[in-house]
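Dumped my_file_25.cif below, it's mmCIF, C-alpha atoms and all ligand atoms:
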data_protein
loop_
_atom_site.label_atom_id
_atom_site.label_comp_id
_atom_site.auth_asym_id
_atom_site.auth_seq_id
_atom_site.Cartn_x
_atom_site.Cartn_y
_atom_site.Cartn_z
CA MET M 50 0.00 0.00 0.00
CA GLY M 51 1.21 3.52 -0.69
CA ILE M 52 0.12 7.12 -0.38
CA ILE M 53 -2.22 7.83 -3.29
CA LYS M 54 -0.31 9.02 -6.35
CA SER M 55 -1.82 11.11 -9.10
CA THR M 56 -3.84 9.20 -11.61
CA ILE M 57 -2.47 8.77 -15.12
CA ASN M 58 -5.04 10.90 -16.84
CA LYS M 59 -5.04 14.66 -16.21
CA ALA M 60 -8.81 14.67 -16.44
CA ASN M 61 -8.84 12.37 -13.45
CA ARG M 62 -7.08 14.88 -11.21
CA ILE M 63 -10.40 15.47 -9.54
CA LEU M 64 -10.36 11.85 -8.33
CA SER M 65 -7.09 12.19 -6.49
CA ASP M 66 -7.93 15.66 -5.16
CA ARG M 67 -11.09 14.50 -3.41
CA ARG M 68 -10.45 13.85 0.28
CA SER M 69 -12.91 13.30 3.07
CA ILE M 70 -13.21 16.58 4.95
CA ARG M 71 -14.49 16.71 8.51
CA LYS M 72 -14.22 20.42 9.32
CA TYR M 73 -15.61 23.12 7.06
CA ASP M 74 -15.35 26.90 6.79
CA GLU M 75 -18.58 28.00 8.45
CA THR M 76 -18.61 31.33 6.62
CA VAL M 77 -19.12 29.60 3.24
CA LYS M 78 -22.73 28.90 2.37
CA ILE M 79 -23.44 26.97 -0.83
CA SER M 80 -26.57 28.31 -2.50
CA ARG M 81 -29.50 26.03 -3.21
CA SER M 82 -29.07 26.60 -6.94
CA GLU M 83 -25.43 25.45 -6.74
CA LEU M 84 -26.47 22.41 -4.71
CA GLU M 85 -29.13 21.71 -7.30
CA SER M 86 -26.52 21.80 -10.10
CA ILE M 87 -24.21 19.50 -8.17
CA ILE M 88 -27.04 17.00 -7.60
CA GLN M 89 -28.18 17.27 -11.22
CA ASP M 90 -24.66 16.51 -12.46
CA ALA M 91 -24.36 13.61 -10.02
CA MET M 92 -27.49 12.08 -11.52
CA THR M 93 -25.65 11.32 -14.76
CA ALA M 94 -24.63 8.22 -12.76
CA PRO M 95 -25.59 4.83 -14.16
CA SER M 96 -28.35 2.87 -12.45
CA SER M 97 -29.90 -0.53 -12.95
CA PHE M 98 -32.32 -0.24 -15.92
CA ASN M 99 -31.81 3.51 -15.54
CA LEU M 100 -34.50 3.48 -12.86
CA GLN M 101 -32.64 6.13 -10.82
CA PRO M 102 -33.92 5.02 -7.40
CA TRP M 103 -31.97 7.74 -5.56
CA ARG M 104 -33.81 10.38 -3.57
CA PHE M 105 -32.23 13.29 -1.70
CA VAL M 106 -33.00 15.26 1.44
CA VAL M 107 -30.93 18.44 1.73
CA ILE M 108 -30.43 19.74 5.25
CA ASP M 109 -29.11 23.28 4.94
CA THR M 110 -30.97 25.31 7.55
CA PRO M 111 -30.07 25.67 11.25
CA GLU M 112 -33.55 24.38 12.16
CA ALA M 113 -33.18 21.20 10.11
CA LYS M 114 -29.64 20.65 11.42
CA GLU M 115 -30.97 20.89 14.97
CA LYS M 116 -33.57 18.22 14.22
CA VAL M 117 -31.02 15.66 13.01
CA LYS M 118 -28.31 16.51 15.54
CA PRO M 119 -29.17 13.69 18.00
CA TYR M 120 -28.63 11.10 15.25
CA MET M 121 -25.22 12.14 13.91
CA MET M 122 -23.17 10.00 16.31
CA PHE M 123 -19.45 10.83 15.94
CA ASN M 124 -20.06 13.14 12.99
CA LEU M 125 -21.28 16.22 14.86
CA GLN M 126 -18.48 18.53 13.73
CA GLN M 127 -19.41 17.86 10.13
CA LEU M 128 -23.05 18.66 10.80
CA GLU M 129 -22.17 21.85 12.62
CA THR M 130 -19.58 23.25 10.21
CA SER M 131 -20.80 22.03 6.80
CA SER M 132 -22.90 24.12 4.47
CA ALA M 133 -25.30 21.21 4.09
CA ILE M 134 -25.84 17.54 4.73
CA ILE M 135 -27.29 15.64 1.80
CA ALA M 136 -29.11 12.48 2.83
CA VAL M 137 -29.32 9.90 0.08
CA TYR M 138 -32.17 7.38 0.08
CA ALA M 139 -33.22 4.61 -2.27
CA ASP M 140 -36.87 4.34 -3.27
CA LYS M 141 -37.76 0.67 -2.92
CA LYS M 142 -40.82 1.10 -5.13
CA VAL M 143 -38.83 1.07 -8.37
CA ALA M 144 -41.48 -1.09 -10.02
CA GLU M 145 -44.04 1.69 -9.46
CA THR M 146 -41.78 4.50 -10.66
CA ALA M 147 -40.56 2.66 -13.80
CA ASP M 148 -43.40 4.02 -15.93
CA GLN M 149 -42.47 7.62 -15.14
CA VAL M 150 -38.81 7.09 -16.10
CA LEU M 151 -39.62 5.17 -19.28
CA SER M 152 -42.24 7.72 -20.34
CA GLN M 153 -39.55 10.41 -20.35
CA GLY M 154 -37.84 8.40 -23.09
CA VAL M 155 -41.07 8.44 -25.13
CA GLU M 156 -41.42 12.21 -24.67
CA LYS M 157 -37.81 12.69 -25.83
CA GLY M 158 -38.41 10.49 -28.88
CA LEU M 159 -36.00 7.81 -27.68
CA ARG M 160 -38.64 5.06 -27.92
CA THR M 161 -42.23 4.55 -29.00
CA GLU M 162 -45.07 3.93 -26.58
CA GLU M 163 -45.10 0.30 -27.70
CA GLN M 164 -41.36 -0.10 -27.11
CA LYS M 165 -41.78 1.50 -23.72
CA GLN M 166 -44.45 -1.02 -22.78
CA GLN M 167 -42.28 -3.96 -23.89
CA LEU M 168 -39.29 -2.64 -21.98
CA LYS M 169 -41.39 -2.01 -18.90
CA ASP M 170 -42.84 -5.54 -18.98
CA MET M 171 -39.34 -6.99 -19.31
CA ILE M 172 -37.96 -4.89 -16.44
CA LEU M 173 -40.89 -5.57 -14.13
CA SER M 174 -40.78 -9.27 -14.83
CA TYR M 175 -37.04 -9.33 -14.06
CA ILE M 176 -37.34 -7.23 -10.91
CA SER M 177 -40.24 -9.32 -9.60
CA SER M 178 -37.84 -12.27 -9.33
CA TYR M 179 -35.60 -10.36 -6.88
CA THR M 180 -35.39 -11.41 -3.27
CA PRO M 181 -35.59 -8.42 -0.88
CA GLU M 182 -31.83 -8.80 -0.35
CA ARG M 183 -31.09 -8.70 -4.08
CA LEU M 184 -33.26 -5.61 -4.46
CA ALA M 185 -31.50 -3.89 -1.55
CA ASN M 186 -28.09 -4.69 -3.05
CA SER M 187 -29.09 -3.30 -6.41
CA LEU M 188 -30.54 -0.13 -4.87
CA MET M 189 -27.47 0.45 -2.71
CA MET M 190 -25.19 -0.02 -5.70
CA ASP M 191 -27.12 2.61 -7.68
CA CYS M 192 -26.97 4.98 -4.72
CA GLY M 193 -23.23 4.36 -4.33
CA PHE M 194 -22.71 5.52 -7.91
CA VAL M 195 -24.70 8.70 -7.43
CA CYS M 196 -22.91 9.39 -4.14
CA ILE M 197 -19.41 9.27 -5.62
CA GLN M 198 -20.54 11.34 -8.58
CA LEU M 199 -21.99 13.88 -6.18
CA MET M 200 -18.72 14.10 -4.26
CA LEU M 201 -16.70 14.51 -7.46
CA SER M 202 -19.16 17.00 -8.88
CA ALA M 203 -18.85 19.04 -5.66
CA LYS M 204 -15.05 18.88 -5.90
CA ALA M 205 -15.18 20.11 -9.47
CA CYS M 206 -17.21 23.10 -8.22
CA GLY M 207 -14.55 23.88 -5.61
CA TYR M 208 -16.28 22.27 -2.64
CA ASP M 209 -15.43 19.37 -0.37
CA THR M 210 -17.39 16.47 1.03
CA CYS M 211 -17.34 13.49 3.34
CA PRO M 212 -19.42 10.33 3.06
CA ILE M 213 -21.08 9.55 6.40
CA GLY M 214 -22.23 6.05 7.18
CA GLY M 215 -22.06 6.54 10.95
CA TYR M 216 -25.50 7.82 11.86
CA ASP M 217 -28.69 6.51 13.43
CA ARG M 218 -30.65 5.75 10.27
CA GLN M 219 -34.04 5.29 11.87
CA GLY M 220 -33.85 8.33 14.13
CA PHE M 221 -32.50 10.50 11.33
CA SER M 222 -35.16 9.34 8.88
CA ASP M 223 -37.96 9.96 11.37
CA ALA M 224 -36.57 13.45 11.99
CA VAL M 225 -36.59 14.35 8.27
CA GLY M 226 -39.92 12.64 7.56
CA MET M 227 -38.66 9.79 5.36
CA ASP M 228 -40.63 6.57 5.76
CA THR M 229 -38.02 3.79 5.90
CA GLU M 230 -40.62 1.21 4.82
CA ARG M 231 -40.33 2.80 1.39
CA TYR M 232 -37.07 4.78 1.45
CA MET M 233 -33.89 2.90 2.36
CA PRO M 234 -31.27 5.12 3.97
CA ALA M 235 -28.07 4.86 1.91
CA LEU M 236 -25.59 7.50 3.03
CA LEU M 237 -25.20 11.06 4.25
CA ILE M 238 -22.79 13.42 2.48
CA SER M 239 -21.53 16.54 4.21
CA ILE M 240 -20.63 19.34 1.84
CA GLY M 241 -18.89 22.67 2.27
CA LYS M 242 -15.59 24.47 1.84
CA ALA M 243 -12.76 22.68 3.65
CA ALA M 244 -11.34 24.42 6.72
CA GLU M 245 -8.54 21.86 6.98
CA ASP M 246 -6.63 19.55 4.66
CA GLY M 247 -7.98 16.06 4.23
CA LYS M 248 -5.94 13.36 5.92
CA ALA M 249 -3.51 11.55 3.66
CA SER M 250 -4.67 7.99 3.12
CA THR M 251 -3.33 4.88 1.48
CA ARG M 252 -4.68 2.52 -1.15
CA TYR M 253 -3.85 -1.05 -2.11
CA SER M 254 -1.63 -1.61 -5.11
CA VAL M 255 -3.50 -3.01 -8.11
CA ASP M 256 -1.57 -6.26 -7.70
CA ALA M 257 -2.80 -6.77 -4.16
CA VAL M 258 -6.45 -6.77 -5.17
CA THR M 259 -6.49 -7.96 -8.78
CA LYS M 260 -6.44 -11.36 -10.40
CA TRP M 261 -5.44 -11.30 -14.07
CA MET M 262 -6.63 -14.19 -16.25
C1 LIG I 1 -19.71 4.06 3.22
C2 LIG I 1 -18.78 5.03 3.90
C3 LIG I 1 -19.06 5.45 5.18
C4 LIG I 1 -18.23 6.39 5.81
N1 LIG I 1 -18.59 6.87 7.03
C5 LIG I 1 -17.86 7.86 7.59
C6 LIG I 1 -18.29 8.47 8.81
O1 LIG I 1 -19.32 8.11 9.38
N2 LIG I 1 -17.55 9.47 9.30
C7 LIG I 1 -16.41 9.91 8.70
O2 LIG I 1 -15.78 10.85 9.22
N3 LIG I 1 -15.96 9.35 7.54
C8 LIG I 1 -16.67 8.36 6.97
N4 LIG I 1 -16.27 7.81 5.77
C9 LIG I 1 -15.07 8.33 5.10
C10 LIG I 1 -13.90 7.32 5.08
O3 LIG I 1 -13.34 7.24 6.37
C11 LIG I 1 -12.87 7.79 4.04
O4 LIG I 1 -13.49 7.77 2.77
C12 LIG I 1 -11.64 6.91 4.01
O5 LIG I 1 -10.94 6.99 5.23
C13 LIG I 1 -10.68 7.29 2.87
O6 LIG I 1 -10.30 8.65 2.95
P1 LIG I 1 -10.59 9.66 1.75
O7 LIG I 1 -12.08 9.69 1.51
O8 LIG I 1 -10.08 10.99 2.22
O9 LIG I 1 -9.87 9.16 0.54
C14 LIG I 1 -17.07 6.87 5.14
C15 LIG I 1 -16.79 6.40 3.85
C16 LIG I 1 -17.64 5.52 3.23
C17 LIG I 1 -17.33 5.10 1.81
#
Structure encoded using structure tokens:
Amino acid sequence: MGIIKSTINKANRILSDRRSIRKYDETVKISRSELESIIQDAMTAPSSFNLQPWRFVVIDTPEAKEKVKPYMMFNLQQLETSSAIIAVYADKKVAETADQVLSQGVEKGLRTEEQKQQLKDMILSYISSYTPERLANSLMMDCGFVCIQLMLSAKACGYDTCPIGGYDRQGFSDAVGMDTERYMPALLISIGKAAEDGKASTRYSVDAVTKWM
């Protein structure tokens, strides 16, 4: 393992520049329109059947921060200093939302109504064979993609982030009014302008984690 070196492609600089930040400059407030752009860009992420199960709750007011405070565990400094906390959820009812997504394709002329129906039948038939565990894995994978894209999108806009898995999911969800029967908590992301450098971290060498065949 070694300290992360720059990636080979200049365009990938953003990957090596992203570091988890745990203390932010409290004087920097990211506007809602900037946050909206960052989230919109993040949603170019791939998702299973392009069903885009991710849903976001943006906590960027002192009142909302106060509500979730008891559920932040060891991540209080991030809550208190960040410009916002973005909670990412997965909508378990992908089968019900499929029509909406596929209809967009019809509106954009990407497919006919008939093709949409065929695709929808195929997707729904496939998804109906999922066990709850398989569905949860698929949803979490989709959310993972949107989360990393969100963090990189924020970095490209000059902001910093930290993924937060250490929080009381049920308490937090109750506090922000997200019904966990339908919306699976995936991750929180703190976002703001760094007030300190991210800690240097190490990564495996490719050899240590790769089998070539
Ligand atoms: C799923 C997940 C959960 C994490 N949870 C926390 C957390 O609760 N608090 C925290 O400070 N960092 C958290 N992190 C950040 C990791 O500690 C960090 O990504 C790792 O140490 C590598 O450092 P880097 O992001 O600066 O490269 C989490 C990261 C991931 C991917």
Need to verify the contact set: M:Ala133, 9 Å, all atoms listed in the file, exclusion of same-chain residues closer than 5 positions in sequence. Can you return it as a list in words? Lys78, Ile79, Leu84, Val107, Ile108, Asp109, Thr110, Lys114, Leu128, Ile238, Ser239, Ile240 and Gly241 of chain M
Please produce a file of those selected residues containing C-alpha atoms, as a PDB file, in the coordinates of the input.
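Dumped everything to selection-v4.pdb:
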ATOM      1  CA  LYS M  78     -22.730  28.900   2.370  1.00  0.00           C
ATOM      2  CA  ILE M  79     -23.440  26.970  -0.830  1.00  0.00           C
ATOM      3  CA  LEU M  84     -26.470  22.410  -4.710  1.00  0.00           C
ATOM      4  CA  VAL M 107     -30.930  18.440   1.730  1.00  0.00           C
ATOM      5  CA  ILE M 108     -30.430  19.740   5.250  1.00  0.00           C
ATOM      6  CA  ASP M 109     -29.110  23.280   4.940  1.00  0.00           C
ATOM      7  CA  THR M 110     -30.970  25.310   7.550  1.00  0.00           C
ATOM      8  CA  LYS M 114     -29.640  20.650  11.420  1.00  0.00           C
ATOM      9  CA  LEU M 128     -23.050  18.660  10.800  1.00  0.00           C
ATOM     10  CA  ILE M 238     -22.790  13.420   2.480  1.00  0.00           C
ATOM     11  CA  SER M 239     -21.530  16.540   4.210  1.00  0.00           C
ATOM     12  CA  ILE M 240     -20.630  19.340   1.840  1.00  0.00           C
ATOM     13  CA  GLY M 241     -18.890  22.670   2.270  1.00  0.00           C
TER      14      GLY M 241
END
Select the residues contacting ligand LIG 1 (chain I) at a distance of at most 12 Å, based on only C-alpha atoms and all ligand atoms, then format the selection as a PyMOL selection string. chain M and resi 52-54+63-72+120-128+137+189-190+192-194+196-197+200-201+209-218+234-239+245-253
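Around M:Ala139, within 6 Å and counting only C-alpha atoms, the residues found are Pro102, Trp103, Arg104, Tyr232 and Met233 of chain M, once anything fewer than 2 positions away on its own chain is removed.
Each of M:Lys116, M:Ser97, M:Thr161, M:Asp170 was checked against M:Asn186 using all atoms listed in the file; the smallest atom-to-atom distance is that of M:Ser97.
When atom CA of M:Asp74 is paired with atom CA of M:Phe221, their separation reads 24.2 Å.
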Do you have the atom CA of M:Asp191-atom CA of M:Lys141 distance handy? 11.8 Å
Å distance separating atom CA of M:Thr146 from atom CA of M:Val195, one decimal place: 17.9 Å
Judged by all atoms listed in the file, the minimum distance to M:Thr76 among M:Val258, M:Ala113, M:Ala243, M:Ala185 is found for M:Ala243
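Nearest residue to M:Asn61 among M:Lys142, M:Lys204, M:Arg160, M:Arg231 is M:Lys204, counting all atoms listed in the file.
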